[in-house]
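Chemist: Can you read through this structure? Questions will come right after.
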Amino acid sequence: MHPNSCPEPASDTLLPGYMSYQILPKNDKHGSFSCHVKIVKRYGGRGAGDGEILNKILLLFFNPINMKRLTLLLIAMMMVTVYAQEPEKAVYKTYEPGFYHKEILPDAKDKTEHAPREFFAASLSAEDYPTDPGEYTSYWHSAPHSQGSTGTCWCFATISFLESEVYRSSEQEIRLSEMYIVYWEYVERARAFVENRGDIYFAQGSEATSVLRIMKKYGIVPETEYPGLPDDKKFHNHGHMVKEMSDYLAGVKKSNAWNTVMVVSTIRSILDQHMGAPPQSVIFGGEHYSPLTFTKKVLKINPDDYFSFMSTMSQTYDQQGELVEADNWWHCDDYYNVRIDDFLLVIDDALDSAYTVCICGDISEPGIDSWSEVAIVPDFDIPPSYINEASREMRLTNGTTTDDHCIHIVGYLDSGDTRWYMIKDSGAGGFNGPNKGYRFFHEDYIRLKMMNIMVYKYAGKRVLDGIIK
């Protein structure tokens with residue numbers, strides 16, 4: 001070994017939480033030579049303490065099989081410099097038109113020009129994070145589909161989750177109709193509008209639990225039987241349809257015309273015009289089914305087999321409660337409220353047992369980037385060790401965490417002592433990067449910013465066993 005060279009790291013020694021590292025020679029201005037360990041890429045995570053990292057670095061230099069390194073090792077131990085992960089940089093970025101402006105708006109023949117704007121964000125590069133789907137342990141799911149210009153992520157994510165459930169239980173690859181659920185959701189919402197004399201949130205957003213509620217009453221059909229899309233369009237666009245329904249209901253409220261039959265009939269006529277009437281029967285495998293019998297006999301989905309969880313200090317832990325969100329317009333109170341560690345435990349137990357997870361939360365953060373496809377919590381926001389119930393609750397109460405978006409967790413990657421999640425995303429931003437329809441979330445982001453999940457009953461068994469006696 002040349003006296004001014006550095007040893008190779010022991011091949012079986014890894015730094016926890018790190019992707020790769022180099023041992024580099026360095027001469028200072030006085031001509032002194034030393035070896036430095038440089039972290040090239042880091043996946044982040046809770047990470048080891050400084051003492052543990054230093055111990056690992058020292059091990060990199062010491063391979064007992066090659067005792068010739070011992071002299072250099074003693075020098076290196078005195079002079080080694082550690083280059084840990086640098087804090088993420090905060091920058092102002094100029095918004096770049098992506099999938100929404102290049103694909104969805106032209107399909108709607110919307111020629112509106114959008115002025116350039118800047119936004120504050122972390123400076124992220126996909127090369128620094130695990131964005132290769134092939135690295136992840138993943139489970140069967142249908143190919144990503146865009147929700148177009150609609151607020152129906154809640155339905156796309158939950159339907160994708162249920163498609164995976166059908167495959168898990170019967171190995172059937174069946175693409176289900178999101179728009180069938182959306183149609184009947186608006187009908188039920190209009191009915192509730194009359195019952196509550198207009199005191200209800202009538203908009204495009206909803207929650208995953210609504211999909212199961214609609215399926216109980218109306219069943220579901222394959223996507224081929226009800227695409228809910230005009231023949232000349234590639235993407236759903238509900239802006240005009242929802243405005244037409246909202247304007248009509250505003251008139252109902254103003255005139256006190258609280259006639260349920262008339263209101264529901266009018267809302268259905270608007271839906272039929274824009275989406276088409278849903279089928280009353282379907283043919284599958286040569287057999288005729290009603291949407292309800294198709295759900296029970298072919299899909300074999302029992303809506304009562306699925307449980308939802310949330311994590312908030314505002315309600316009693318280990319009890320069911322209401323997810324207090326405008327999108328939960330029917331005030332569903334079936335959510336099990338658990339501590340954040342148990343919230344993550346349900347997710348990880350599900351994935352470790354080959355189940356997928358439907359999850360909803362906030363995606364309007366500086367640490368989420370559609371082009372690099374990653375979601376992290378940057379150091380300038382909050383250090384990982386400070387993420388707990390209190391920091392999470394503060395963001396819920398001050399409005400910086402809101403229920404923006406529902407997505408589908410379809411896989412995971414363990415890197416060192418941290419976990420990354422492979423996300424299937426129907427939103428336009430999910431199609432900006434190279435892996436169309438996918439994002440990759442760090443566990444800290446889930447811990448801090450995601451609000452509720454839905455899993456198959458056995459996926460949450462370990463946590464539920466401590467609640468349901």
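Here, A, B, ... name the chains of the structure tokens in the order displayed, residue numbers run from 1 inside each chain, and ligands are numbered from 1 in the same displayed order.
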May I have the residues within 7 Å of Asp403 in chain A as a tab-separated table (two decimals) with C-alpha atoms, in the first residue's frame, using only C-alpha atoms and disregarding those fewer than 5 positions away in the same chain?
Modeler:
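Saved file result_12.tsv follows:
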```tsv
chain	number	residue	atom	x	y	z
A	360	CYS	CA	-54.82	9.92	3.18
A	361	GLY	CA	-53.15	13.11	4.33
A	362	ASP	CA	-51.24	16.25	3.42
A	451	MET	CA	-53.89	11.52	8.72
```
Chemist: Which polymer residues have any atom within 10 Å of an atom of Glu322 in chain A, counting only C-alpha atoms, with same-chain residues fewer than 6 positions away left out, as a PDB file with C-alpha atoms, in the first residue's frame?
Modeler:
```
ATOM      1  CA  MET A 310     -56.317   7.993  12.645  1.00  0.00           C
ATOM      2  CA  GLN A 315     -59.568  12.574  20.917  1.00  0.00           C
ATOM      3  CA  ASN A 328     -65.990  13.405   6.085  1.00  0.00           C
ATOM      4  CA  TRP A 330     -71.428  12.274   6.756  1.00  0.00           C
ATOM      5  CA  HIS A 331     -69.488  12.373  10.074  1.00  0.00           C
ATOM      6  CA  CYS A 332     -68.222   8.806  10.009  1.00  0.00           C
ATOM      7  CA  ASP A 333     -67.020   7.963  13.528  1.00  0.00           C
ATOM      8  CA  ASP A 334     -65.625   4.480  12.874  1.00  0.00           C
ATOM      9  CA  TYR A 335     -61.959   5.557  12.950  1.00  0.00           C
ATOM     10  CA  TYR A 336     -59.784   3.948  15.614  1.00  0.00           C
ATOM     11  CA  ASN A 337     -57.701   6.727  17.159  1.00  0.00           C
TER      12      ASN A 337
END
```
Chemist: Which of range 47-264 of chain A counts as helix (DSSP H, G or I) under DSSP, as a PyMOL selection string please?
Modeler: chain A and resi 50-61+67-79+99-107+126-128+133-135+153-170+178-195+208-218+239-255+260-264
Chemist: Please tabulate, as CSV, the residues of range 145-212 of chain A that come within 9 Å of range 408-411 of chain A, each with its closest pair of atoms and the distance in Å to one decimal, counting only C-alpha atoms and ordering rows by chain, then residue number upward.
Modeler:
```
residue,atom,partner,partner_atom,distance
A:Phe156,CA,A:His408,CA,8.8
A:Ala157,CA,A:His408,CA,5.3
A:Thr158,CA,A:His408,CA,7.3
A:Ser160,CA,A:His408,CA,7.0
A:Phe161,CA,A:His408,CA,6.3
A:Ser164,CA,A:Val410,CA,8.8
```
Chemist: Figure out the distance between CA of Trp140 in chain A and CA of Tyr167 in chain A, please, to one decimal in Å.
Modeler: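 A separation of 7.2 Å between them.
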Chemist: Using only C-alpha atoms, which residues sit within 9 Å of range 192-206 of chain A once same-chain residues fewer than 6 positions away are excluded, as a PyMOL selection string?
Modeler: chain A and resi 150-155+182+185-186+238+242+246+249-250+252-253+256-260+263+326-330+404-405
Chemist: Any idea what's packed within 12 Å of Asp465 in chain A, counting only C-alpha atoms, ignoring anything in its chain fewer than 4 positions away? Could you give it as a ChimeraX atom specification?
Modeler: /A:318,342,346,457-461,469
Chemist: For the selection you just gave me, I'd like the residues written to a file as a CSV table (one decimal), in the first residue's frame, keeping N, CA and C atoms.
Modeler:
```
chain,number,residue,atom,x,y,z
A,318,ASP,N,-57.1,4.9,21.5
A,318,ASP,CA,-57.6,3.5,21.6
A,318,ASP,C,-59.1,3.4,21.7
A,342,ASP,N,-48.4,3.4,17.0
A,342,ASP,CA,-49.3,2.4,16.6
A,342,ASP,C,-49.8,2.6,15.2
A,346,VAL,N,-49.5,-0.3,12.4
A,346,VAL,CA,-50.5,-0.9,11.5
A,346,VAL,C,-50.0,-0.9,10.1
A,457,LYS,N,-58.8,-6.2,8.0
A,457,LYS,CA,-58.9,-6.4,9.4
A,457,LYS,C,-57.7,-7.1,10.0
A,458,TYR,N,-57.2,-8.1,9.4
A,458,TYR,CA,-56.1,-8.9,10.0
A,458,TYR,C,-54.8,-8.1,9.9
A,459,ALA,N,-54.7,-7.1,9.0
A,459,ALA,CA,-53.5,-6.3,9.0
A,459,ALA,C,-53.3,-5.4,10.2
A,460,GLY,N,-54.4,-5.1,10.8
A,460,GLY,CA,-54.4,-4.2,12.0
A,460,GLY,C,-54.6,-5.0,13.3
A,461,LYS,N,-54.4,-6.4,13.2
A,461,LYS,CA,-54.8,-7.2,14.4
A,461,LYS,C,-54.0,-6.9,15.6
A,469,LYS,N,-61.4,-5.7,23.4
A,469,LYS,CA,-61.2,-6.8,24.4
A,469,LYS,C,-62.3,-7.8,24.2
```
Chemist: Using only C-alpha atoms, which of A:His442, A:Arg419, A:Lys449, A:His145 sits nearest Gly399 in chain A?
Modeler: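 Going through A:His442, A:Arg419, A:Lys449, A:His145 one by one, the smallest distance to Gly399 in chain A is for A:Lys449.
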Chemist: Using Å and a single decimal, report how far CA of Met454 in chain A sits from CA of Cys358 in chain A.
Modeler: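 For CA of Cys358 in chain A relative to CA of Met454 in chain A, the distance reads 5.1 Å.
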Chemist: Using backbone DSSP assignments, extract all strand (DSSP E or B) residues from range 137-315 of chain A; output them as a list in words.
Modeler: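 Answer for range 137-315 of chain A restricted to strand (DSSP E or B) is Thr137, Ser138, Ser149, Leu176, Pro222, Asn237, Val282, Ile283, Phe284, Glu287, His288, Tyr289, Tyr306, Phe307, Ser308, Phe309 and Met310 of chain A.
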Chemist: Create the file for the chosen residues now, containing N, CA and C atoms and written as a PDB file, in the first residue's frame.
Modeler:
```pdb
ATOM      1  N   THR A 137     -39.985  -4.094  -2.211  1.00  0.00           N
ATOM      2  CA  THR A 137     -40.890  -5.233  -2.087  1.00  0.00           C
ATOM      3  C   THR A 137     -42.290  -4.694  -2.335  1.00  0.00           C
ATOM      4  N   SER A 138     -42.934  -5.141  -3.395  1.00  0.00           N
ATOM      5  CA  SER A 138     -44.247  -4.594  -3.747  1.00  0.00           C
ATOM      6  C   SER A 138     -45.235  -5.721  -3.985  1.00  0.00           C
ATOM      7  N   SER A 149     -58.920  15.889 -14.064  1.00  0.00           N
ATOM      8  CA  SER A 149     -59.182  17.150 -13.369  1.00  0.00           C
ATOM      9  C   SER A 149     -60.409  16.967 -12.479  1.00  0.00           C
ATOM     10  N   LEU A 176     -61.809  -2.048 -11.466  1.00  0.00           N
ATOM     11  CA  LEU A 176     -63.124  -1.622 -10.999  1.00  0.00           C
ATOM     12  C   LEU A 176     -63.399  -0.165 -11.353  1.00  0.00           C
ATOM     13  N   PRO A 222     -67.316  -3.553 -12.957  1.00  0.00           N
ATOM     14  CA  PRO A 222     -66.020  -3.382 -13.615  1.00  0.00           C
ATOM     15  C   PRO A 222     -65.938  -2.042 -14.341  1.00  0.00           C
ATOM     16  N   ASN A 237     -63.101  15.172 -16.147  1.00  0.00           N
ATOM     17  CA  ASN A 237     -63.083  16.598 -15.811  1.00  0.00           C
ATOM     18  C   ASN A 237     -64.461  16.947 -15.258  1.00  0.00           C
ATOM     19  N   VAL A 282     -74.568  -6.342 -14.970  1.00  0.00           N
ATOM     20  CA  VAL A 282     -73.335  -6.502 -15.741  1.00  0.00           C
ATOM     21  C   VAL A 282     -73.183  -7.968 -16.122  1.00  0.00           C
ATOM     22  N   ILE A 283     -72.390  -8.200 -17.160  1.00  0.00           N
ATOM     23  CA  ILE A 283     -72.048  -9.564 -17.557  1.00  0.00           C
ATOM     24  C   ILE A 283     -70.574  -9.773 -17.254  1.00  0.00           C
ATOM     25  N   PHE A 284     -70.279 -10.810 -16.497  1.00  0.00           N
ATOM     26  CA  PHE A 284     -68.889 -11.112 -16.148  1.00  0.00           C
ATOM     27  C   PHE A 284     -68.705 -12.624 -16.192  1.00  0.00           C
ATOM     28  N   GLU A 287     -71.814 -14.650 -17.042  1.00  0.00           N
ATOM     29  CA  GLU A 287     -72.933 -14.642 -16.101  1.00  0.00           C
ATOM     30  C   GLU A 287     -73.449 -13.219 -15.902  1.00  0.00           C
ATOM     31  N   HIS A 288     -74.754 -13.103 -15.638  1.00  0.00           N
ATOM     32  CA  HIS A 288     -75.368 -11.809 -15.348  1.00  0.00           C
ATOM     33  C   HIS A 288     -75.362 -11.571 -13.835  1.00  0.00           C
ATOM     34  N   TYR A 289     -74.992 -10.366 -13.461  1.00  0.00           N
ATOM     35  CA  TYR A 289     -74.967  -9.994 -12.044  1.00  0.00           C
ATOM     36  C   TYR A 289     -75.533  -8.591 -11.873  1.00  0.00           C
ATOM     37  N   TYR A 306     -63.011  -4.218   6.748  1.00  0.00           N
ATOM     38  CA  TYR A 306     -61.984  -3.189   6.627  1.00  0.00           C
ATOM     39  C   TYR A 306     -62.104  -2.170   7.751  1.00  0.00           C
ATOM     40  N   PHE A 307     -60.940  -1.779   8.288  1.00  0.00           N
ATOM     41  CA  PHE A 307     -60.891  -0.889   9.440  1.00  0.00           C
ATOM     42  C   PHE A 307     -60.064   0.351   9.105  1.00  0.00           C
ATOM     43  N   SER A 308     -60.477   1.472   9.686  1.00  0.00           N
ATOM     44  CA  SER A 308     -59.771   2.735   9.473  1.00  0.00           C
ATOM     45  C   SER A 308     -59.169   3.230  10.780  1.00  0.00           C
ATOM     46  N   PHE A 309     -58.021   3.899  10.653  1.00  0.00           N
ATOM     47  CA  PHE A 309     -57.293   4.412  11.811  1.00  0.00           C
ATOM     48  C   PHE A 309     -56.918   5.872  11.579  1.00  0.00           C
ATOM     49  N   MET A 310     -56.818   6.622  12.670  1.00  0.00           N
ATOM     50  CA  MET A 310     -56.317   7.993  12.645  1.00  0.00           C
ATOM     51  C   MET A 310     -55.434   8.174  13.875  1.00  0.00           C
TER      52      MET A 310
END
```
Chemist: By how many Å are CA of Asp128 in chain A and CA of Lys436 in chain A apart?
Modeler: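 Computing the Euclidean distance for CA of Asp128 in chain A and CA of Lys436 in chain A yields 18.9 Å.
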Chemist: Go through A:Met179, A:Arg168, A:Thr209, A:Leu323 and flag the residue nearest His274 in chain A, using only C-alpha atoms for the distances.
Modeler: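 Nearest candidate to His274 in chain A out of A:Met179, A:Arg168, A:Thr209, A:Leu323: A:Met179.
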Chemist: Might you pull out every residue within 9 Å of range 111-114 of chain A, with only C-alpha atoms counted and same-chain residues fewer than 6 positions away left off, and present them as an MDAnalysis selection string?
Modeler: chainID A and resid 97 101 105
Chemist: Could you turn the residues from that selection into a file that holds C-alpha atoms, as an mmCIF file, in the first residue's frame?
Modeler:
```
data_model
loop_
_atom_site.group_PDB
_atom_site.id
_atom_site.type_symbol
_atom_site.label_atom_id
_atom_site.label_comp_id
_atom_site.auth_asym_id
_atom_site.auth_seq_id
_atom_site.Cartn_x
_atom_site.Cartn_y
_atom_site.Cartn_z
ATOM 1 C CA PRO A 97 -45.861 22.903 -16.341
ATOM 2 C CA HIS A 101 -50.937 21.364 -18.097
ATOM 3 C CA LEU A 105 -55.946 20.581 -19.792
#
```
Chemist: I need the residue nearest Pro87 in chain A from this list: A:Phe380, A:Phe343, A:Phe294, A:Trp371. Use only C-alpha atoms for the distance.
Modeler: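 Of the candidates, the smallest distance to Pro87 in chain A is held by A:Phe380.
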Chemist: Applying 12 Å and only C-alpha atoms, which residues near Ser364 in chain A remain after dropping the ones on its own chain fewer than 2 positions away? List them as a PyMOL selection string.
Modeler: chain A and resi 119-121+361-362+366-370+375-377+399-405+429+445+449-450
Chemist: Determine, counting only C-alpha atoms, which protein, DNA and RNA residues have an atom within 12 Å of an atom of Lys300 in chain A; residues of the same chain fewer than 2 positions away are not included. Present the result as a VMD selection string.
Modeler: chain A and resid 162 to 163 165 to 172 215 219 to 220 292 to 298 302 to 305
